[in-house]
Amino acid sequence: MIDKPNDIFNPKPGRVRNLGGARAKTYINRVLRQISAAGKSSFGTGNSSRAFSGTRIGRGNDALRHRRAGHSFGPSYRRVVIKTRIVKFGGGGNKSGAASTHLRYIQRDGVSKESEPGQLYNATHDEEDRKDFLERSEGDRRQFRFIVSPEDATELADLKPFVRDLMVAMEKDLDTHLDWVAVDHFNTDHPHTHIVLRGKDELGKDLVIARDYISYGMRKRASEILTLELGPQTVREVADKFRRQVDQDRFTDLDRELVRGADGGVIETAMRPATPVDRFKHAMRMGRLRHLERQGLARETGSGEWELSPKLEATLRRAGERGDIIKTMHRGMKQAGVDAGASELSIYDPRDERATTVTGQIIDRGLHDELNDGHYILVDAADSRVHHIALDPKQDMDDLPKGSIIEIHPASTKLKPSDRVIAEIASGNGGLYSPDTHADHDPSASPEFIQAHVRRLEALRRMNVVRRFADGSWEIPDDFAKRVEALAQRQTRYPGQVVLLSSFSLESQVGANGATWLDRQLVSWEPTELRGDRFGKSAKEALRRRQEYLVETGLAERKSETIRYQRNLLMTLRRRELASVGNKLYKEMNLKFMEAKDGERIEGIYKQPVHLASGKFAIITKSKEFTLVPWRAALERQRGKLVRGIPRGSVVSFDFGNKRGVGI
């Protein structure tokens with residue numbers, strides 16, 4: 001037997017162990033986790049003051065580092081504001097139409113100098129086809145969206161050369177060809193450009209741009225180009241900009257200097273500036289402090305000592321946003337021919353406890369958040385005021401055309417009735433809820449009513465509030481009420497609920513062959529109170545004319561000073577319209593129209609929605625026939641799929657399960 005030398009390595013492999021079970025990390029993730037845990041360690045650089053953050057990973061980091069060396073941006077450089085959003089598409093890439101929707105938004109009417117639709121352009125062509133860009137973008141996992149706003153954009157004869165120079169500079173910094181399109185907007189006080197950049201490099205790989213370059217590099221590149229184009233800012237130009245900021249009700253560069261120079265919210269001003277420039281800056285700061293004092297955002301605590309309010313920045317930013325909204329409202333009212341005084345303007349805030357339900361007519365709409373495609377609507381309301389209402393970016397604007405009648409309910413942070421029922425059932429069942437326990441708890445509850453609670457739980461499950469088990473039961477946490485209220489608090493950035501009362505204008509409703517909003521007002525025990533000389537007056541006149549129409553068609557009878565309406569007027573009008581529309585669609589689809597009857601189960605493929613005077617309806621098709629039923633938002637996720645439901649009056653309880661039925 002030969003002895004092995006002691007210095008020979010003899011491995012003894014054991015079984016492969018699971019590093020972390022089902023949550024095992026990849027190698028690179030484990031490395032990054034260890035780096036993060038190490039905190040401020042420098043890993044051999046000798047510098048322990050900077051922790052790893054990942055902001056320099058990607059293209060553009062080298063160019064940014066080289067430009068930083070020995071180069072500073074002084075007051076003579078012209079400022080360019082750049083807002084960025086990185087849109088990530090699903091696993092299959094850009095197939096959802098989100099990119100197409102955004103391009104339509106930025107090309108909408110009224111954004112060009114001639115108040116016409118915007119025109120896409122790229123590096124080589126002044127007119128680029130949207131479809132071509134979308135076809136090239138098919139399958140991209142991400143998309144970069146930029147809003148580039150030069151501070152002195154009004155001095156540029158054309159924004160296109162500036163934008164093209166910026167993109168050429170970015171190609172050099174990122175060391176790759178970039179595929180992009182842009183649209184110039186001139187519909188605000190500050191002309192700006194929307195740039196959409198594909199998330200692929202010239203080799204077809206995912207384009208990864210360093211976060212530091214997006215945050216600082218692009219802005220500095222744009223500033224360099226603008227300064228070369230218009231020349232450095234003169235001392236007079238810089239001075240004029242500071243003078244204009246002294247009395248502005250928004251967060252300015254002067255405010256940034258004050259905040260940076262404050263120590264614990266206190267700033268010292270008892271100094272003797274030595275140079276004319278320092279004396280000018282000191283005078284501007286003092287002027288700004290006096291203005292902030294009048295606003296209650298600063299106070300003089302001693303000779304040469306000022307205390308800044310901790311709410312200074314947030315308050316001024318809100319004031320700036322409010323000023324921009326007021327300008328938008330005046331512009332929209334002017335286009336709509338609506339004359340309203342300052343006391344009649346309202347910015348609807350769902351978080352305000354005084355917010356009430358608003359009913360009125362949409363007179364204008366547009367984008368309040370162009371980067372995220374967030375819309376707003378201007379509503380000439382029944383309370384004689386004009387309301388600016390910011391909408392959730394997920395809102396389908398096709399449902400809200402100009403002239404339509406809508407209702408806005410203020411967001412509520414309290415528990416819904418369904419939440420209270422769920423909590424009550426779970427508290428008596430060991431923290432569990434199920435349809436069976438609900439039926440035992442309330443024998444009078446219908447299957448549709450119980451299913452509505454299950455749908456509510458499904459929504460809460462997607463928000464990580466509750467958990468569903470395989471047997472159909474639900475785990476309701478002990479702090480269920482607090483979690484739901486906290487969730488509602490986070491979702492109150494936009495109005496709680498936008499209800500489309502009619503997609504038809506008042507004039508179109510007068511002679512419509514359907515159950516209109518005017519009809520519901522006429523037969524309601526508590527109709528909407530109509531005030532003012534605009535929408536209120538127009539609605540009253542439309543109601544009078546609608547009454548005459550109903551009398552002429554035999555659906556109402558005039559008796560002395562009163563008008564008596566036919567029994568079940570709304571149902572009669574709706575059935576008439578559905579029959580008429582069904583006959584029209586029969587000719588287009590070559591399918592027989594079948595009326596959906598209350599309580600009878602309907603089943604078929606959801607094809608598309610259709611807007612009628614009686615409301616929004618869904619077309620449900622079978623092999624030889626189709627029906628029209630009241631539409632619900634949840635149906636859009638089932639378009640082209642089999643759906644089942646039971647209509648009851650003006651609502652339908654749908655079942656989107658995968659159970660196979662006789663109709664298949």
# chains A, B, ... in the order shown; residues from 1 in each chain; ligands from 1
>>> residues_around(residues="Asp392 of chain A", least_positions_apart="2", cutoff="7 Å", atoms="only C-alpha atoms", output="list of chain:residue names")
A:Gly374, A:Ala390, A:Lys394, A:Gln395, A:Tyr494
>>> write_last_selection(atoms="N, CA and C atoms", output="JSON list (two decimals), in the first residue's frame")
[["chain", "number", "residue", "atom", "x", "y", "z"],
["A", 374, "GLY", "N", -51.40, 60.01, -17.20],
["A", 374, "GLY", "CA", -52.51, 60.29, -16.29],
["A", 374, "GLY", "C", -53.38, 61.42, -16.83],
["A", 390, "ALA", "N", -58.39, 64.88, -11.46],
["A", 390, "ALA", "CA", -57.30, 64.01, -11.93],
["A", 390, "ALA", "C", -57.76, 62.56, -11.88],
["A", 394, "LYS", "N", -55.04, 54.29, -15.20],
["A", 394, "LYS", "CA", -55.69, 53.07, -15.69],
["A", 394, "LYS", "C", -57.09, 53.34, -16.24],
["A", 395, "GLN", "N", -57.61, 54.54, -16.04],
["A", 395, "GLN", "CA", -58.95, 54.88, -16.50],
["A", 395, "GLN", "C", -59.03, 54.80, -18.02],
["A", 494, "TYR", "N", -56.29, 59.44, -6.40],
["A", 494, "TYR", "CA", -57.24, 59.76, -7.43],
["A", 494, "TYR", "C", -58.65, 59.61, -6.87]]
>>> residues_around(residues="segment 426-438 of chain A", least_positions_apart="6", cutoff="6 Å", atoms="only C-alpha atoms", output="list in words")
Ser473, Trp474, Glu475 and Ile476 of chain A
>>> write_last_selection(atoms="all heavy atoms", output="mmCIF file, in the first residue's frame")
data_model
loop_
_atom_site.group_PDB
_atom_site.id
_atom_site.type_symbol
_atom_site.label_atom_id
_atom_site.label_comp_id
_atom_site.auth_asym_id
_atom_site.auth_seq_id
_atom_site.Cartn_x
_atom_site.Cartn_y
_atom_site.Cartn_z
ATOM 1 N N SER A 473 -61.468 28.336 0.808
ATOM 2 C CA SER A 473 -61.599 29.172 1.998
ATOM 3 C C SER A 473 -60.522 30.252 1.988
ATOM 4 O O SER A 473 -59.545 30.167 1.233
ATOM 5 C CB SER A 473 -61.496 28.330 3.269
ATOM 6 O OG SER A 473 -60.228 27.701 3.355
ATOM 7 N N TRP A 474 -60.685 31.227 2.852
ATOM 8 C CA TRP A 474 -59.789 32.386 2.888
ATOM 9 C C TRP A 474 -59.312 32.627 4.312
ATOM 10 O O TRP A 474 -60.101 32.565 5.256
ATOM 11 C CB TRP A 474 -60.517 33.640 2.393
ATOM 12 C CG TRP A 474 -61.015 33.513 0.988
ATOM 13 C CD1 TRP A 474 -62.139 32.868 0.572
ATOM 14 C CD2 TRP A 474 -60.395 34.036 -0.186
ATOM 15 N NE1 TRP A 474 -62.266 32.950 -0.789
ATOM 16 C CE2 TRP A 474 -61.218 33.677 -1.281
ATOM 17 C CE3 TRP A 474 -59.251 34.779 -0.416
ATOM 18 C CZ2 TRP A 474 -60.906 34.039 -2.582
ATOM 19 C CZ3 TRP A 474 -58.941 35.142 -1.709
ATOM 20 C CH2 TRP A 474 -59.767 34.770 -2.783
ATOM 21 N N GLU A 475 -58.017 32.928 4.434
ATOM 22 C CA GLU A 475 -57.465 33.296 5.733
ATOM 23 C C GLU A 475 -57.569 34.810 5.899
ATOM 24 O O GLU A 475 -56.990 35.568 5.117
ATOM 25 C CB GLU A 475 -56.002 32.865 5.846
ATOM 26 C CG GLU A 475 -55.395 33.208 7.198
ATOM 27 C CD GLU A 475 -53.911 32.875 7.263
ATOM 28 O OE1 GLU A 475 -53.205 33.128 6.250
ATOM 29 O OE2 GLU A 475 -53.460 32.373 8.300
ATOM 30 N N ILE A 476 -58.294 35.246 6.916
ATOM 31 C CA ILE A 476 -58.496 36.665 7.184
ATOM 32 C C ILE A 476 -57.631 37.044 8.381
ATOM 33 O O ILE A 476 -57.845 36.525 9.490
ATOM 34 C CB ILE A 476 -59.980 36.976 7.486
ATOM 35 C CG1 ILE A 476 -60.886 36.344 6.418
ATOM 36 C CG2 ILE A 476 -60.188 38.471 7.581
ATOM 37 C CD1 ILE A 476 -60.614 36.810 5.014
#
>>> closest_residue(among="A:Ser580, A:Gln233, A:Ile362, A:Leu371", to="Val196 of chain A", atoms="only C-alpha atoms")
A:Leu371
>>> residues_around(residues="Thr193 of chain A", least_positions_apart="5", cutoff="10 Å", atoms="only C-alpha atoms", output="list in words")
Ile82, Ile106, Phe146, Ile147, Val148, Ser149, Pro150, Leu159, Lys160, Val163, Ala182, Val183, Asp184, His185 and Phe186 of chain A
>>> residues_around(residues="segment 219-227 of chain A", least_positions_apart="3", cutoff="8 Å", atoms="only C-alpha atoms", output="PyMOL selection string")
chain A and resi 77-82+150+162+165-166+169-170+214-216+230-233
>>> write_last_selection(atoms="N, CA, C and O atoms", output="mmCIF file, in the first residue's frame")
data_model
loop_
_atom_site.group_PDB
_atom_site.id
_atom_site.type_symbol
_atom_site.label_atom_id
_atom_site.label_comp_id
_atom_site.auth_asym_id
_atom_site.auth_seq_id
_atom_site.Cartn_x
_atom_site.Cartn_y
_atom_site.Cartn_z
ATOM 1 N N TYR A 77 -24.298 78.135 -17.530
ATOM 2 C CA TYR A 77 -24.882 77.051 -18.317
ATOM 3 C C TYR A 77 -26.406 77.127 -18.274
ATOM 4 O O TYR A 77 -26.995 77.421 -17.231
ATOM 5 N N ARG A 78 -27.008 76.827 -19.402
ATOM 6 C CA ARG A 78 -28.463 76.902 -19.504
ATOM 7 C C ARG A 78 -29.080 75.594 -19.016
ATOM 8 O O ARG A 78 -28.601 74.513 -19.343
ATOM 9 N N ARG A 79 -30.151 75.731 -18.279
ATOM 10 C CA ARG A 79 -30.749 74.588 -17.597
ATOM 11 C C ARG A 79 -31.706 73.830 -18.509
ATOM 12 O O ARG A 79 -32.443 74.431 -19.288
ATOM 13 N N VAL A 80 -31.699 72.512 -18.397
ATOM 14 C CA VAL A 80 -32.638 71.641 -19.111
ATOM 15 C C VAL A 80 -33.211 70.643 -18.098
ATOM 16 O O VAL A 80 -32.456 69.962 -17.407
ATOM 17 N N VAL A 81 -34.524 70.592 -18.016
ATOM 18 C CA VAL A 81 -35.200 69.646 -17.119
ATOM 19 C C VAL A 81 -35.561 68.394 -17.909
ATOM 20 O O VAL A 81 -36.156 68.493 -18.991
ATOM 21 N N ILE A 82 -35.189 67.240 -17.381
ATOM 22 C CA ILE A 82 -35.505 65.970 -18.041
ATOM 23 C C ILE A 82 -36.203 65.051 -17.044
ATOM 24 O O ILE A 82 -35.667 64.771 -15.970
ATOM 25 N N PRO A 150 -36.162 72.323 -22.226
ATOM 26 C CA PRO A 150 -35.142 73.375 -22.075
ATOM 27 C C PRO A 150 -35.755 74.621 -21.441
ATOM 28 O O PRO A 150 -36.865 75.040 -21.807
ATOM 29 N N PHE A 162 -32.023 70.441 -31.704
ATOM 30 C CA PHE A 162 -31.541 70.264 -30.334
ATOM 31 C C PHE A 162 -31.730 68.821 -29.867
ATOM 32 O O PHE A 162 -30.822 68.208 -29.290
ATOM 33 N N ASP A 165 -29.316 66.472 -31.694
ATOM 34 C CA ASP A 165 -27.958 66.601 -31.159
ATOM 35 C C ASP A 165 -27.832 65.880 -29.821
ATOM 36 O O ASP A 165 -26.809 65.244 -29.537
ATOM 37 N N LEU A 166 -28.876 65.982 -28.997
ATOM 38 C CA LEU A 166 -28.854 65.297 -27.702
ATOM 39 C C LEU A 166 -28.793 63.787 -27.883
ATOM 40 O O LEU A 166 -28.010 63.098 -27.208
ATOM 41 N N ALA A 169 -25.341 62.688 -29.004
ATOM 42 C CA ALA A 169 -24.420 62.696 -27.869
ATOM 43 C C ALA A 169 -24.657 61.489 -26.970
ATOM 44 O O ALA A 169 -23.703 60.882 -26.451
ATOM 45 N N MET A 170 -25.918 61.101 -26.793
ATOM 46 C CA MET A 170 -26.229 59.923 -25.976
ATOM 47 C C MET A 170 -25.692 58.650 -26.627
ATOM 48 O O MET A 170 -25.212 57.742 -25.940
ATOM 49 N N ILE A 214 -28.838 58.474 -16.307
ATOM 50 C CA ILE A 214 -30.209 58.949 -16.506
ATOM 51 C C ILE A 214 -30.489 60.143 -15.597
ATOM 52 O O ILE A 214 -31.141 61.107 -15.993
ATOM 53 N N SER A 215 -29.975 60.093 -14.360
ATOM 54 C CA SER A 215 -30.255 61.155 -13.396
ATOM 55 C C SER A 215 -29.458 62.420 -13.664
ATOM 56 O O SER A 215 -29.964 63.529 -13.469
ATOM 57 N N TYR A 216 -28.187 62.269 -14.080
ATOM 58 C CA TYR A 216 -27.314 63.423 -14.207
ATOM 59 C C TYR A 216 -26.713 63.584 -15.613
ATOM 60 O O TYR A 216 -26.620 64.700 -16.120
ATOM 61 N N LEU A 230 -27.271 78.479 -27.781
ATOM 62 C CA LEU A 230 -27.728 79.834 -27.472
ATOM 63 C C LEU A 230 -26.647 80.710 -26.854
ATOM 64 O O LEU A 230 -26.852 81.915 -26.687
ATOM 65 N N GLY A 231 -25.519 80.075 -26.514
ATOM 66 C CA GLY A 231 -24.469 80.834 -25.852
ATOM 67 C C GLY A 231 -24.666 80.812 -24.348
ATOM 68 O O GLY A 231 -25.776 80.594 -23.843
ATOM 69 N N PRO A 232 -23.596 81.029 -23.573
ATOM 70 C CA PRO A 232 -23.715 81.037 -22.108
ATOM 71 C C PRO A 232 -24.675 82.129 -21.649
ATOM 72 O O PRO A 232 -24.845 83.155 -22.312
ATOM 73 N N GLN A 233 -25.300 81.898 -20.504
ATOM 74 C CA GLN A 233 -26.172 82.906 -19.930
ATOM 75 C C GLN A 233 -25.340 84.113 -19.497
ATOM 76 O O GLN A 233 -24.299 83.971 -18.867
#
>>> residues_around(residues="segment 383-389 of chain A", least_positions_apart="3", cutoff="6 Å", atoms="only C-alpha atoms", output="number ranges by chain")
A: 344-348, 376-380, 531-532
>>> select_by_dssp(residues="segment 306-453 of chain A", states="helix (DSSP H, G or I)", output="MDAnalysis selection string")
chainID A and resid 312:336 342:344 397:399 417:427 435:441 447:453
>>> closest_residue(among="A:Lys311, A:Arg420, A:Arg462, A:Arg59", to="Gly217 of chain A", atoms="only C-alpha atoms")
A:Arg59
>>> decode(residues="segment 372-385 of chain A", atoms="all heavy atoms", output="PDB file, in the first residue's frame")
ATOM      1  N   ASN A 372     -46.741  59.595 -17.213  1.00  0.00           N
ATOM      2  CA  ASN A 372     -47.423  58.355 -16.823  1.00  0.00           C
ATOM      3  C   ASN A 372     -48.783  58.197 -17.485  1.00  0.00           C
ATOM      4  O   ASN A 372     -49.558  57.323 -17.094  1.00  0.00           O
ATOM      5  CB  ASN A 372     -47.583  58.312 -15.299  1.00  0.00           C
ATOM      6  CG  ASN A 372     -46.259  58.305 -14.585  1.00  0.00           C
ATOM      7  OD1 ASN A 372     -45.471  57.373 -14.722  1.00  0.00           O
ATOM      8  ND2 ASN A 372     -45.983  59.348 -13.815  1.00  0.00           N
ATOM      9  N   ASP A 373     -49.101  59.080 -18.452  1.00  0.00           N
ATOM     10  CA  ASP A 373     -50.383  59.011 -19.166  1.00  0.00           C
ATOM     11  C   ASP A 373     -51.570  59.189 -18.235  1.00  0.00           C
ATOM     12  O   ASP A 373     -52.629  58.587 -18.433  1.00  0.00           O
ATOM     13  CB  ASP A 373     -50.511  57.684 -19.933  1.00  0.00           C
ATOM     14  CG  ASP A 373     -49.414  57.497 -20.960  1.00  0.00           C
ATOM     15  OD1 ASP A 373     -48.901  58.515 -21.450  1.00  0.00           O
ATOM     16  OD2 ASP A 373     -49.064  56.338 -21.255  1.00  0.00           O
ATOM     17  N   GLY A 374     -51.400  60.010 -17.198  1.00  0.00           N
ATOM     18  CA  GLY A 374     -52.509  60.293 -16.288  1.00  0.00           C
ATOM     19  C   GLY A 374     -53.378  61.416 -16.833  1.00  0.00           C
ATOM     20  O   GLY A 374     -52.890  62.500 -17.163  1.00  0.00           O
ATOM     21  N   HIS A 375     -54.683  61.178 -16.938  1.00  0.00           N
ATOM     22  CA  HIS A 375     -55.611  62.140 -17.536  1.00  0.00           C
ATOM     23  C   HIS A 375     -56.289  63.007 -16.482  1.00  0.00           C
ATOM     24  O   HIS A 375     -56.295  62.696 -15.299  1.00  0.00           O
ATOM     25  CB  HIS A 375     -56.687  61.415 -18.336  1.00  0.00           C
ATOM     26  CG  HIS A 375     -56.224  60.926 -19.665  1.00  0.00           C
ATOM     27  ND1 HIS A 375     -55.498  59.765 -19.815  1.00  0.00           N
ATOM     28  CD2 HIS A 375     -56.363  61.446 -20.915  1.00  0.00           C
ATOM     29  CE1 HIS A 375     -55.230  59.576 -21.098  1.00  0.00           C
ATOM     30  NE2 HIS A 375     -55.744  60.580 -21.777  1.00  0.00           N
ATOM     31  N   TYR A 376     -56.863  64.083 -16.972  1.00  0.00           N
ATOM     32  CA  TYR A 376     -57.756  64.896 -16.159  1.00  0.00           C
ATOM     33  C   TYR A 376     -59.007  65.176 -16.983  1.00  0.00           C
ATOM     34  O   TYR A 376     -59.012  65.067 -18.222  1.00  0.00           O
ATOM     35  CB  TYR A 376     -57.100  66.223 -15.754  1.00  0.00           C
ATOM     36  CG  TYR A 376     -56.953  67.210 -16.891  1.00  0.00           C
ATOM     37  CD1 TYR A 376     -57.993  68.088 -17.229  1.00  0.00           C
ATOM     38  CD2 TYR A 376     -55.793  67.261 -17.655  1.00  0.00           C
ATOM     39  CE1 TYR A 376     -57.872  68.973 -18.289  1.00  0.00           C
ATOM     40  CE2 TYR A 376     -55.669  68.147 -18.715  1.00  0.00           C
ATOM     41  CZ  TYR A 376     -56.711  69.003 -19.022  1.00  0.00           C
ATOM     42  OH  TYR A 376     -56.607  69.866 -20.071  1.00  0.00           O
ATOM     43  N   ILE A 377     -60.080  65.545 -16.310  1.00  0.00           N
ATOM     44  CA  ILE A 377     -61.292  66.008 -16.982  1.00  0.00           C
ATOM     45  C   ILE A 377     -61.745  67.298 -16.305  1.00  0.00           C
ATOM     46  O   ILE A 377     -61.531  67.494 -15.115  1.00  0.00           O
ATOM     47  CB  ILE A 377     -62.433  64.960 -16.939  1.00  0.00           C
ATOM     48  CG1 ILE A 377     -62.703  64.495 -15.502  1.00  0.00           C
ATOM     49  CG2 ILE A 377     -62.135  63.780 -17.836  1.00  0.00           C
ATOM     50  CD1 ILE A 377     -63.879  63.546 -15.376  1.00  0.00           C
ATOM     51  N   LEU A 378     -62.334  68.195 -17.094  1.00  0.00           N
ATOM     52  CA  LEU A 378     -62.989  69.388 -16.568  1.00  0.00           C
ATOM     53  C   LEU A 378     -64.486  69.136 -16.619  1.00  0.00           C
ATOM     54  O   LEU A 378     -65.023  68.802 -17.686  1.00  0.00           O
ATOM     55  CB  LEU A 378     -62.641  70.623 -17.392  1.00  0.00           C
ATOM     56  CG  LEU A 378     -61.220  71.187 -17.282  1.00  0.00           C
ATOM     57  CD1 LEU A 378     -61.130  72.518 -18.014  1.00  0.00           C
ATOM     58  CD2 LEU A 378     -60.806  71.355 -15.840  1.00  0.00           C
ATOM     59  N   VAL A 379     -65.136  69.273 -15.483  1.00  0.00           N
ATOM     60  CA  VAL A 379     -66.560  68.970 -15.386  1.00  0.00           C
ATOM     61  C   VAL A 379     -67.326  70.228 -15.011  1.00  0.00           C
ATOM     62  O   VAL A 379     -67.081  70.834 -13.958  1.00  0.00           O
ATOM     63  CB  VAL A 379     -66.808  67.868 -14.333  1.00  0.00           C
ATOM     64  CG1 VAL A 379     -68.305  67.579 -14.213  1.00  0.00           C
ATOM     65  CG2 VAL A 379     -66.058  66.596 -14.707  1.00  0.00           C
ATOM     66  N   ASP A 380     -68.231  70.644 -15.892  1.00  0.00           N
ATOM     67  CA  ASP A 380     -69.170  71.723 -15.580  1.00  0.00           C
ATOM     68  C   ASP A 380     -70.308  71.070 -14.807  1.00  0.00           C
ATOM     69  O   ASP A 380     -71.122  70.344 -15.368  1.00  0.00           O
ATOM     70  CB  ASP A 380     -69.667  72.363 -16.869  1.00  0.00           C
ATOM     71  CG  ASP A 380     -70.458  73.635 -16.614  1.00  0.00           C
ATOM     72  OD1 ASP A 380     -70.561  74.046 -15.441  1.00  0.00           O
ATOM     73  OD2 ASP A 380     -70.974  74.219 -17.587  1.00  0.00           O
ATOM     74  N   ALA A 381     -70.346  71.311 -13.499  1.00  0.00           N
ATOM     75  CA  ALA A 381     -71.160  70.490 -12.611  1.00  0.00           C
ATOM     76  C   ALA A 381     -72.487  71.133 -12.234  1.00  0.00           C
ATOM     77  O   ALA A 381     -72.709  72.335 -12.423  1.00  0.00           O
ATOM     78  CB  ALA A 381     -70.370  70.165 -11.346  1.00  0.00           C
ATOM     79  N   ALA A 382     -73.356  70.297 -11.664  1.00  0.00           N
ATOM     80  CA  ALA A 382     -74.685  70.732 -11.241  1.00  0.00           C
ATOM     81  C   ALA A 382     -74.634  71.668 -10.048  1.00  0.00           C
ATOM     82  O   ALA A 382     -75.628  72.330  -9.735  1.00  0.00           O
ATOM     83  CB  ALA A 382     -75.546  69.509 -10.902  1.00  0.00           C
ATOM     84  N   ASP A 383     -73.484  71.749  -9.357  1.00  0.00           N
ATOM     85  CA  ASP A 383     -73.360  72.663  -8.219  1.00  0.00           C
ATOM     86  C   ASP A 383     -72.899  74.045  -8.653  1.00  0.00           C
ATOM     87  O   ASP A 383     -72.478  74.848  -7.818  1.00  0.00           O
ATOM     88  CB  ASP A 383     -72.408  72.088  -7.171  1.00  0.00           C
ATOM     89  CG  ASP A 383     -70.987  71.882  -7.711  1.00  0.00           C
ATOM     90  OD1 ASP A 383     -70.751  72.223  -8.890  1.00  0.00           O
ATOM     91  OD2 ASP A 383     -70.142  71.373  -6.970  1.00  0.00           O
ATOM     92  N   SER A 384     -72.942  74.328  -9.952  1.00  0.00           N
ATOM     93  CA  SER A 384     -72.601  75.615 -10.570  1.00  0.00           C
ATOM     94  C   SER A 384     -71.104  75.896 -10.577  1.00  0.00           C
ATOM     95  O   SER A 384     -70.687  77.021 -10.853  1.00  0.00           O
ATOM     96  CB  SER A 384     -73.341  76.784  -9.892  1.00  0.00           C
ATOM     97  OG  SER A 384     -72.755  77.117  -8.640  1.00  0.00           O
ATOM     98  N   ARG A 385     -70.273  74.888 -10.291  1.00  0.00           N
ATOM     99  CA  ARG A 385     -68.826  75.073 -10.324  1.00  0.00           C
ATOM    100  C   ARG A 385     -68.214  74.229 -11.440  1.00  0.00           C
ATOM    101  O   ARG A 385     -68.819  73.278 -11.932  1.00  0.00           O
ATOM    102  CB  ARG A 385     -68.196  74.691  -8.976  1.00  0.00           C
ATOM    103  CG  ARG A 385     -68.603  75.610  -7.830  1.00  0.00           C
ATOM    104  CD  ARG A 385     -67.750  75.360  -6.601  1.00  0.00           C
ATOM    105  NE  ARG A 385     -67.987  74.037  -6.041  1.00  0.00           N
ATOM    106  CZ  ARG A 385     -67.274  73.516  -5.036  1.00  0.00           C
ATOM    107  NH1 ARG A 385     -66.273  74.209  -4.508  1.00  0.00           N
ATOM    108  NH2 ARG A 385     -67.556  72.320  -4.576  1.00  0.00           N
TER     109      ARG A 385
END
